[in-house]
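Right, one structure below, let's go through it.
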Amino acid sequence: MEKLLRKIEQWNDADEYSLCIRAIELVPEAERGYQLTLLLGRAYSNLAVLGDCGAHSDDGVVDQELLAHAIAIFEEIRDDGQNDPFWHSRMAYALFMTNDRTADALQYARRWLELEPGNPDAEQLYEEISKFCRGYVSKCFLCK
């Protein structure tokens, strides 16, 4: 399992999200556990937003169906993720990139920041979502 996790991290770092997905999905769902399931959701989310090898890094294309699939995967492990900063970070990122889910994303970013106060990535995402919410969503009660 450790060897698989290292390989998944290498592929993720190389923006090879499809390889991550294929490798994780070879493991029977009943045997994946929390960590592999979380990494599967991350891979789908990254593939939806960034594409393999940065294919979407400049075009801004976001595959909403893949993103919805990633969120569904994260939802499967919600109970186990409630106190995991990484789970909240992945939910925040995925929801922020999903059409009309900014307010939901802000809740997860806020919780990530509560779980890891001072984390610069959490602070940056929270500020980015807040700014977006204040600027583009006039009725976002969470952002006021």
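Simple scheme: letters A, B, ... for chains in structure tokens order, numbers from 1 for residues in each chain, numbers from 1 for ligands in the order shown.
Residues lying within 8 Å of Asp63 in chain A, counting only C-alpha atoms and ignoring same-chain neighbours fewer than 2 positions away, are Ala48, Val49, Val61, Glu65, Leu66 and Leu67 of chain A.
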> Residues at most 8 Å from range 112-117 of chain A, counting only C-alpha atoms, excluding those fewer than 4 positions away in the same chain, as a ChimeraX atom specification?
Replying inline: /A:83-86,88-89,108,122-123,126
> Where does DSSP see helix (DSSP H, G or I) in chain A, if you list the residues as number ranges by chain?
Replying inline: A: 2-13, 17-26, 29-49, 52-54, 64-76, 78-81, 85-97, 102-115, 120-136
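Closest approach to Tyr93 in chain A among A:Glu128, A:Asp15, A:Glu29, A:Asp58 is made by A:Glu128 (distances from only C-alpha atoms).
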Give me, as a PDB file with all heavy atoms, in the first residue's frame, all polymer residues having an atom no more than 10 Å from Ala92 in chain A, counting only C-alpha atoms and skipping those fewer than 3 positions away in the same chain.
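Heads up, here's the output in selection-v9.pdb:
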ATOM      1  N   ILE A  71     -16.752  15.400  -6.125  1.00  0.00           N
ATOM      2  CA  ILE A  71     -17.491  15.803  -4.929  1.00  0.00           C
ATOM      3  C   ILE A  71     -18.282  14.626  -4.368  1.00  0.00           C
ATOM      4  O   ILE A  71     -18.331  14.423  -3.148  1.00  0.00           O
ATOM      5  CB  ILE A  71     -18.385  17.022  -5.236  1.00  0.00           C
ATOM      6  CG1 ILE A  71     -17.501  18.242  -5.521  1.00  0.00           C
ATOM      7  CG2 ILE A  71     -19.360  17.300  -4.093  1.00  0.00           C
ATOM      8  CD1 ILE A  71     -18.223  19.414  -6.143  1.00  0.00           C
ATOM      9  N   PHE A  86      -7.220  18.091   5.214  1.00  0.00           N
ATOM     10  CA  PHE A  86      -7.044  17.793   3.791  1.00  0.00           C
ATOM     11  C   PHE A  86      -8.389  17.551   3.125  1.00  0.00           C
ATOM     12  O   PHE A  86      -8.628  18.001   2.012  1.00  0.00           O
ATOM     13  CB  PHE A  86      -6.102  16.599   3.607  1.00  0.00           C
ATOM     14  CG  PHE A  86      -5.717  16.352   2.174  1.00  0.00           C
ATOM     15  CD1 PHE A  86      -4.980  17.285   1.462  1.00  0.00           C
ATOM     16  CD2 PHE A  86      -6.089  15.177   1.536  1.00  0.00           C
ATOM     17  CE1 PHE A  86      -4.626  17.062   0.129  1.00  0.00           C
ATOM     18  CE2 PHE A  86      -5.732  14.944   0.215  1.00  0.00           C
ATOM     19  CZ  PHE A  86      -5.003  15.886  -0.486  1.00  0.00           C
ATOM     20  N   TRP A  87      -9.306  16.831   3.789  1.00  0.00           N
ATOM     21  CA  TRP A  87     -10.628  16.591   3.229  1.00  0.00           C
ATOM     22  C   TRP A  87     -11.355  17.921   3.016  1.00  0.00           C
ATOM     23  O   TRP A  87     -11.931  18.154   1.957  1.00  0.00           O
ATOM     24  CB  TRP A  87     -11.445  15.667   4.145  1.00  0.00           C
ATOM     25  CG  TRP A  87     -12.797  15.347   3.595  1.00  0.00           C
ATOM     26  CD1 TRP A  87     -13.100  14.372   2.687  1.00  0.00           C
ATOM     27  CD2 TRP A  87     -14.021  16.017   3.891  1.00  0.00           C
ATOM     28  NE1 TRP A  87     -14.445  14.396   2.405  1.00  0.00           N
ATOM     29  CE2 TRP A  87     -15.038  15.396   3.134  1.00  0.00           C
ATOM     30  CE3 TRP A  87     -14.370  17.071   4.724  1.00  0.00           C
ATOM     31  CZ2 TRP A  87     -16.371  15.795   3.184  1.00  0.00           C
ATOM     32  CZ3 TRP A  87     -15.699  17.476   4.781  1.00  0.00           C
ATOM     33  CH2 TRP A  87     -16.679  16.849   4.013  1.00  0.00           C
ATOM     34  N   HIS A  88     -11.300  18.810   4.008  1.00  0.00           N
ATOM     35  CA  HIS A  88     -11.954  20.115   3.883  1.00  0.00           C
ATOM     36  C   HIS A  88     -11.312  20.945   2.770  1.00  0.00           C
ATOM     37  O   HIS A  88     -12.017  21.652   2.041  1.00  0.00           O
ATOM     38  CB  HIS A  88     -11.931  20.867   5.216  1.00  0.00           C
ATOM     39  CG  HIS A  88     -12.931  20.327   6.180  1.00  0.00           C
ATOM     40  ND1 HIS A  88     -14.242  20.712   6.172  1.00  0.00           N
ATOM     41  CD2 HIS A  88     -12.805  19.400   7.157  1.00  0.00           C
ATOM     42  CE1 HIS A  88     -14.893  20.059   7.114  1.00  0.00           C
ATOM     43  NE2 HIS A  88     -14.047  19.254   7.725  1.00  0.00           N
ATOM     44  N   SER A  89     -10.012  20.851   2.627  1.00  0.00           N
ATOM     45  CA  SER A  89      -9.346  21.605   1.559  1.00  0.00           C
ATOM     46  C   SER A  89      -9.799  21.114   0.197  1.00  0.00           C
ATOM     47  O   SER A  89     -10.086  21.915  -0.698  1.00  0.00           O
ATOM     48  CB  SER A  89      -7.826  21.505   1.680  1.00  0.00           C
ATOM     49  OG  SER A  89      -7.339  20.237   1.296  1.00  0.00           O
ATOM     50  N   LEU A  95     -15.582  22.584  -4.736  1.00  0.00           N
ATOM     51  CA  LEU A  95     -16.819  23.364  -4.760  1.00  0.00           C
ATOM     52  C   LEU A  95     -16.595  24.759  -5.325  1.00  0.00           C
ATOM     53  O   LEU A  95     -17.472  25.307  -5.991  1.00  0.00           O
ATOM     54  CB  LEU A  95     -17.424  23.438  -3.357  1.00  0.00           C
ATOM     55  CG  LEU A  95     -18.007  22.124  -2.848  1.00  0.00           C
ATOM     56  CD1 LEU A  95     -18.280  22.206  -1.355  1.00  0.00           C
ATOM     57  CD2 LEU A  95     -19.257  21.747  -3.621  1.00  0.00           C
ATOM     58  N   PHE A  96     -15.437  25.332  -5.075  1.00  0.00           N
ATOM     59  CA  PHE A  96     -15.133  26.663  -5.598  1.00  0.00           C
ATOM     60  C   PHE A  96     -15.099  26.648  -7.123  1.00  0.00           C
ATOM     61  O   PHE A  96     -15.496  27.618  -7.780  1.00  0.00           O
ATOM     62  CB  PHE A  96     -13.806  27.160  -5.025  1.00  0.00           C
ATOM     63  CG  PHE A  96     -13.457  28.587  -5.370  1.00  0.00           C
ATOM     64  CD1 PHE A  96     -14.407  29.589  -5.362  1.00  0.00           C
ATOM     65  CD2 PHE A  96     -12.159  28.927  -5.683  1.00  0.00           C
ATOM     66  CE1 PHE A  96     -14.079  30.911  -5.669  1.00  0.00           C
ATOM     67  CE2 PHE A  96     -11.811  30.245  -5.989  1.00  0.00           C
ATOM     68  CZ  PHE A  96     -12.779  31.227  -5.982  1.00  0.00           C
ATOM     69  N   MET A  97     -14.657  25.549  -7.697  1.00  0.00           N
ATOM     70  CA  MET A  97     -14.572  25.444  -9.148  1.00  0.00           C
ATOM     71  C   MET A  97     -15.882  24.988  -9.782  1.00  0.00           C
ATOM     72  O   MET A  97     -16.019  24.958 -10.990  1.00  0.00           O
ATOM     73  CB  MET A  97     -13.442  24.488  -9.544  1.00  0.00           C
ATOM     74  CG  MET A  97     -12.064  24.949  -9.099  1.00  0.00           C
ATOM     75  SD  MET A  97     -11.662  26.650  -9.588  1.00  0.00           S
ATOM     76  CE  MET A  97     -11.642  26.498 -11.362  1.00  0.00           C
ATOM     77  N   THR A  98     -16.841  24.606  -8.947  1.00  0.00           N
ATOM     78  CA  THR A  98     -18.144  24.154  -9.430  1.00  0.00           C
ATOM     79  C   THR A  98     -19.061  25.355  -9.613  1.00  0.00           C
ATOM     80  O   THR A  98     -19.088  26.257  -8.778  1.00  0.00           O
ATOM     81  CB  THR A  98     -18.767  23.162  -8.421  1.00  0.00           C
ATOM     82  OG1 THR A  98     -17.874  22.065  -8.233  1.00  0.00           O
ATOM     83  CG2 THR A  98     -20.098  22.636  -8.915  1.00  0.00           C
ATOM     84  N   ARG A 101     -21.454  27.175  -6.521  1.00  0.00           N
ATOM     85  CA  ARG A 101     -21.221  26.523  -5.217  1.00  0.00           C
ATOM     86  C   ARG A 101     -20.229  27.309  -4.357  1.00  0.00           C
ATOM     87  O   ARG A 101     -19.638  26.772  -3.436  1.00  0.00           O
ATOM     88  CB  ARG A 101     -20.700  25.101  -5.418  1.00  0.00           C
ATOM     89  CG  ARG A 101     -21.585  24.125  -6.170  1.00  0.00           C
ATOM     90  CD  ARG A 101     -22.850  23.709  -5.449  1.00  0.00           C
ATOM     91  NE  ARG A 101     -22.681  23.136  -4.147  1.00  0.00           N
ATOM     92  CZ  ARG A 101     -22.575  21.827  -3.879  1.00  0.00           C
ATOM     93  NH1 ARG A 101     -22.597  20.950  -4.861  1.00  0.00           N
ATOM     94  NH2 ARG A 101     -22.452  21.408  -2.637  1.00  0.00           N
ATOM     95  N   THR A 102     -20.073  28.590  -4.637  1.00  0.00           N
ATOM     96  CA  THR A 102     -19.088  29.408  -3.922  1.00  0.00           C
ATOM     97  C   THR A 102     -19.368  29.479  -2.431  1.00  0.00           C
ATOM     98  O   THR A 102     -18.455  29.373  -1.616  1.00  0.00           O
ATOM     99  CB  THR A 102     -19.032  30.822  -4.523  1.00  0.00           C
ATOM    100  OG1 THR A 102     -18.824  30.708  -5.927  1.00  0.00           O
ATOM    101  CG2 THR A 102     -17.913  31.632  -3.909  1.00  0.00           C
ATOM    102  N   ALA A 103     -20.621  29.680  -2.055  1.00  0.00           N
ATOM    103  CA  ALA A 103     -20.958  29.775  -0.629  1.00  0.00           C
ATOM    104  C   ALA A 103     -20.630  28.477   0.094  1.00  0.00           C
ATOM    105  O   ALA A 103     -20.123  28.497   1.222  1.00  0.00           O
ATOM    106  CB  ALA A 103     -22.430  30.136  -0.453  1.00  0.00           C
ATOM    107  N   ASP A 104     -20.896  27.339  -0.556  1.00  0.00           N
ATOM    108  CA  ASP A 104     -20.541  26.045   0.037  1.00  0.00           C
ATOM    109  C   ASP A 104     -19.025  25.925   0.182  1.00  0.00           C
ATOM    110  O   ASP A 104     -18.528  25.451   1.210  1.00  0.00           O
ATOM    111  CB  ASP A 104     -21.064  24.900  -0.825  1.00  0.00           C
ATOM    112  CG  ASP A 104     -22.578  24.858  -0.911  1.00  0.00           C
ATOM    113  OD1 ASP A 104     -23.251  25.261   0.058  1.00  0.00           O
ATOM    114  OD2 ASP A 104     -23.082  24.430  -1.960  1.00  0.00           O
ATOM    115  N   ALA A 105     -18.301  26.345  -0.837  1.00  0.00           N
ATOM    116  CA  ALA A 105     -16.839  26.277  -0.797  1.00  0.00           C
ATOM    117  C   ALA A 105     -16.289  27.086   0.369  1.00  0.00           C
ATOM    118  O   ALA A 105     -15.345  26.655   1.037  1.00  0.00           O
ATOM    119  CB  ALA A 105     -16.257  26.784  -2.116  1.00  0.00           C
ATOM    120  N   LEU A 106     -16.890  28.239   0.615  1.00  0.00           N
ATOM    121  CA  LEU A 106     -16.417  29.097   1.703  1.00  0.00           C
ATOM    122  C   LEU A 106     -16.536  28.414   3.056  1.00  0.00           C
ATOM    123  O   LEU A 106     -15.650  28.538   3.903  1.00  0.00           O
ATOM    124  CB  LEU A 106     -17.168  30.427   1.699  1.00  0.00           C
ATOM    125  CG  LEU A 106     -16.635  31.476   2.662  1.00  0.00           C
ATOM    126  CD1 LEU A 106     -15.226  31.908   2.264  1.00  0.00           C
ATOM    127  CD2 LEU A 106     -17.566  32.680   2.690  1.00  0.00           C
ATOM    128  N   GLN A 107     -17.603  27.655   3.259  1.00  0.00           N
ATOM    129  CA  GLN A 107     -17.770  26.931   4.528  1.00  0.00           C
ATOM    130  C   GLN A 107     -16.635  25.933   4.748  1.00  0.00           C
ATOM    131  O   GLN A 107     -16.105  25.827   5.861  1.00  0.00           O
ATOM    132  CB  GLN A 107     -19.108  26.198   4.559  1.00  0.00           C
ATOM    133  CG  GLN A 107     -20.300  27.102   4.637  1.00  0.00           C
ATOM    134  CD  GLN A 107     -21.601  26.329   4.607  1.00  0.00           C
ATOM    135  OE1 GLN A 107     -21.674  25.198   4.124  1.00  0.00           O
ATOM    136  NE2 GLN A 107     -22.640  26.941   5.137  1.00  0.00           N
ATOM    137  N   TYR A 108     -16.277  25.215   3.698  1.00  0.00           N
ATOM    138  CA  TYR A 108     -15.206  24.226   3.833  1.00  0.00           C
ATOM    139  C   TYR A 108     -13.840  24.896   3.990  1.00  0.00           C
ATOM    140  O   TYR A 108     -12.996  24.416   4.752  1.00  0.00           O
ATOM    141  CB  TYR A 108     -15.204  23.257   2.645  1.00  0.00           C
ATOM    142  CG  TYR A 108     -16.401  22.349   2.682  1.00  0.00           C
ATOM    143  CD1 TYR A 108     -17.517  22.611   1.902  1.00  0.00           C
ATOM    144  CD2 TYR A 108     -16.433  21.247   3.531  1.00  0.00           C
ATOM    145  CE1 TYR A 108     -18.634  21.781   1.956  1.00  0.00           C
ATOM    146  CE2 TYR A 108     -17.532  20.419   3.591  1.00  0.00           C
ATOM    147  CZ  TYR A 108     -18.634  20.698   2.802  1.00  0.00           C
ATOM    148  OH  TYR A 108     -19.726  19.880   2.858  1.00  0.00           O
ATOM    149  N   ALA A 109     -13.629  26.002   3.299  1.00  0.00           N
ATOM    150  CA  ALA A 109     -12.374  26.736   3.456  1.00  0.00           C
ATOM    151  C   ALA A 109     -12.255  27.275   4.879  1.00  0.00           C
ATOM    152  O   ALA A 109     -11.169  27.236   5.480  1.00  0.00           O
ATOM    153  CB  ALA A 109     -12.300  27.871   2.437  1.00  0.00           C
ATOM    154  N   ARG A 110     -13.361  27.765   5.412  1.00  0.00           N
ATOM    155  CA  ARG A 110     -13.359  28.280   6.790  1.00  0.00           C
ATOM    156  C   ARG A 110     -13.020  27.163   7.783  1.00  0.00           C
ATOM    157  O   ARG A 110     -12.220  27.353   8.692  1.00  0.00           O
ATOM    158  CB  ARG A 110     -14.724  28.882   7.126  1.00  0.00           C
ATOM    159  CG  ARG A 110     -14.797  29.457   8.534  1.00  0.00           C
ATOM    160  CD  ARG A 110     -16.162  30.044   8.853  1.00  0.00           C
ATOM    161  NE  ARG A 110     -16.405  31.211   8.021  1.00  0.00           N
ATOM    162  CZ  ARG A 110     -17.526  31.419   7.324  1.00  0.00           C
ATOM    163  NH1 ARG A 110     -18.513  30.549   7.359  1.00  0.00           N
ATOM    164  NH2 ARG A 110     -17.668  32.514   6.614  1.00  0.00           N
ATOM    165  N   ARG A 111     -13.618  25.991   7.575  1.00  0.00           N
ATOM    166  CA  ARG A 111     -13.349  24.867   8.474  1.00  0.00           C
ATOM    167  C   ARG A 111     -11.893  24.416   8.342  1.00  0.00           C
ATOM    168  O   ARG A 111     -11.250  24.077   9.340  1.00  0.00           O
ATOM    169  CB  ARG A 111     -14.309  23.708   8.171  1.00  0.00           C
ATOM    170  CG  ARG A 111     -14.106  22.508   9.053  1.00  0.00           C
ATOM    171  CD  ARG A 111     -14.462  22.775  10.499  1.00  0.00           C
ATOM    172  NE  ARG A 111     -14.310  21.548  11.268  1.00  0.00           N
ATOM    173  CZ  ARG A 111     -13.733  21.493  12.458  1.00  0.00           C
ATOM    174  NH1 ARG A 111     -13.335  22.579  13.061  1.00  0.00           N
ATOM    175  NH2 ARG A 111     -13.594  20.338  13.061  1.00  0.00           N
ATOM    176  N   TRP A 112     -11.353  24.418   7.123  1.00  0.00           N
ATOM    177  CA  TRP A 112      -9.946  24.068   6.931  1.00  0.00           C
ATOM    178  C   TRP A 112      -9.077  25.019   7.740  1.00  0.00           C
ATOM    179  O   TRP A 112      -8.156  24.591   8.440  1.00  0.00           O
ATOM    180  CB  TRP A 112      -9.608  24.125   5.448  1.00  0.00           C
ATOM    181  CG  TRP A 112      -8.171  23.811   5.084  1.00  0.00           C
ATOM    182  CD1 TRP A 112      -7.250  23.124   5.815  1.00  0.00           C
ATOM    183  CD2 TRP A 112      -7.521  24.164   3.863  1.00  0.00           C
ATOM    184  NE1 TRP A 112      -6.059  23.037   5.124  1.00  0.00           N
ATOM    185  CE2 TRP A 112      -6.201  23.662   3.929  1.00  0.00           C
ATOM    186  CE3 TRP A 112      -7.917  24.857   2.728  1.00  0.00           C
ATOM    187  CZ2 TRP A 112      -5.284  23.832   2.901  1.00  0.00           C
ATOM    188  CZ3 TRP A 112      -7.003  25.009   1.700  1.00  0.00           C
ATOM    189  CH2 TRP A 112      -5.698  24.506   1.788  1.00  0.00           C
ATOM    190  N   ALA A 122      -4.506  27.544   3.349  1.00  0.00           N
ATOM    191  CA  ALA A 122      -5.884  27.686   3.826  1.00  0.00           C
ATOM    192  C   ALA A 122      -6.283  29.161   3.880  1.00  0.00           C
ATOM    193  O   ALA A 122      -7.384  29.529   3.469  1.00  0.00           O
ATOM    194  CB  ALA A 122      -6.040  27.041   5.204  1.00  0.00           C
ATOM    195  N   LEU A 125      -6.808  30.424   0.213  1.00  0.00           N
ATOM    196  CA  LEU A 125      -8.045  29.963  -0.405  1.00  0.00           C
ATOM    197  C   LEU A 125      -9.254  30.651   0.219  1.00  0.00           C
ATOM    198  O   LEU A 125     -10.162  31.086  -0.489  1.00  0.00           O
ATOM    199  CB  LEU A 125      -8.189  28.448  -0.294  1.00  0.00           C
ATOM    200  CG  LEU A 125      -9.440  27.890  -0.985  1.00  0.00           C
ATOM    201  CD1 LEU A 125      -9.406  28.171  -2.490  1.00  0.00           C
ATOM    202  CD2 LEU A 125      -9.595  26.402  -0.714  1.00  0.00           C
ATOM    203  N   TYR A 126      -9.245  30.772   1.535  1.00  0.00           N
ATOM    204  CA  TYR A 126     -10.366  31.435   2.204  1.00  0.00           C
ATOM    205  C   TYR A 126     -10.507  32.874   1.706  1.00  0.00           C
ATOM    206  O   TYR A 126     -11.611  33.328   1.398  1.00  0.00           O
ATOM    207  CB  TYR A 126     -10.183  31.398   3.727  1.00  0.00           C
ATOM    208  CG  TYR A 126     -11.331  32.044   4.448  1.00  0.00           C
ATOM    209  CD1 TYR A 126     -12.527  31.364   4.632  1.00  0.00           C
ATOM    210  CD2 TYR A 126     -11.227  33.351   4.921  1.00  0.00           C
ATOM    211  CE1 TYR A 126     -13.599  31.967   5.273  1.00  0.00           C
ATOM    212  CE2 TYR A 126     -12.297  33.957   5.558  1.00  0.00           C
ATOM    213  CZ  TYR A 126     -13.474  33.261   5.729  1.00  0.00           C
ATOM    214  OH  TYR A 126     -14.538  33.858   6.358  1.00  0.00           O
ATOM    215  N   ILE A 129     -11.801  32.901  -2.003  1.00  0.00           N
ATOM    216  CA  ILE A 129     -13.236  32.610  -2.106  1.00  0.00           C
ATOM    217  C   ILE A 129     -14.048  33.772  -1.555  1.00  0.00           C
ATOM    218  O   ILE A 129     -15.051  34.171  -2.144  1.00  0.00           O
ATOM    219  CB  ILE A 129     -13.583  31.293  -1.384  1.00  0.00           C
ATOM    220  CG1 ILE A 129     -12.903  30.115  -2.082  1.00  0.00           C
ATOM    221  CG2 ILE A 129     -15.098  31.092  -1.349  1.00  0.00           C
ATOM    222  CD1 ILE A 129     -13.019  28.800  -1.318  1.00  0.00           C
TER     223      ILE A 129
END
> Which is closer to Leu4 in chain A than all the others in A:Arg90, A:Tyr17, A:Pro120, A:Ala23, using only C-alpha atoms?
Replying inline: A:Ala23
>> Need to verify the contact set: range 8-12 of chain A, 9 Å, only C-alpha atoms, exclusion of same-chain residues closer than 6 positions in sequence. Can you return it as a list in words?
In response: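 Within the cut-off, the hits are Ser18, Leu19, Cys20, Ile21, Ala23, Ile24, Leu39, Ala43 and Asn46 of chain A.
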Dump N, CA and C atoms for the selected residues as a short mmCIF file (atom, residue, chain, number, x, y, z; two decimals), in the first residue's frame?
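Writing done, so here's again-v5.cif:
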data_model
loop_
_atom_site.label_atom_id
_atom_site.label_comp_id
_atom_site.auth_asym_id
_atom_site.auth_seq_id
_atom_site.Cartn_x
_atom_site.Cartn_y
_atom_site.Cartn_z
N SER A 18 -4.94 11.04 -14.57
CA SER A 18 -5.58 9.84 -15.11
C SER A 18 -4.87 8.57 -14.62
N LEU A 19 -3.55 8.63 -14.50
CA LEU A 19 -2.81 7.48 -13.98
C LEU A 19 -3.17 7.22 -12.53
N CYS A 20 -3.32 8.28 -11.75
CA CYS A 20 -3.75 8.13 -10.35
C CYS A 20 -5.11 7.44 -10.30
N ILE A 21 -6.03 7.91 -11.12
CA ILE A 21 -7.39 7.36 -11.13
C ILE A 21 -7.36 5.88 -11.50
N ALA A 23 -4.95 3.69 -11.30
CA ALA A 23 -4.31 2.87 -10.27
C ALA A 23 -5.22 2.67 -9.06
N ILE A 24 -5.86 3.74 -8.62
CA ILE A 24 -6.73 3.63 -7.44
C ILE A 24 -7.96 2.78 -7.76
N LEU A 39 -7.80 10.38 -2.12
CA LEU A 39 -6.87 10.63 -3.23
C LEU A 39 -7.55 10.43 -4.59
N ALA A 43 -7.81 13.29 -7.42
CA ALA A 43 -7.38 13.08 -8.81
C ALA A 43 -8.48 13.48 -9.79
N ASN A 46 -8.66 17.34 -9.76
CA ASN A 46 -7.54 17.93 -10.49
C ASN A 46 -7.66 17.71 -11.99
#
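Distance check against Leu38 in chain A using only C-alpha atoms: of A:Glu75, A:Asn99, A:Glu127, A:Asp121, the minimum falls on A:Glu75.
For the residues A:Asp52, A:Asn119, A:Asp13, A:Leu40, ranking by smallest atom-to-atom distance to Leu26 in chain A using only C-alpha atoms places A:Leu40 first.
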>> Restricting the calculation to only C-alpha atoms: of A:Thr37, A:His69, A:Leu50, A:Lys3, which residue gets closest to Gly81 in chain A?
In response: A:Thr37
> What separation in Å, quoted to one decimal, exists between CA of Arg78 in chain A and CA of Cys53 in chain A?
Replying inline: 29.1 Å
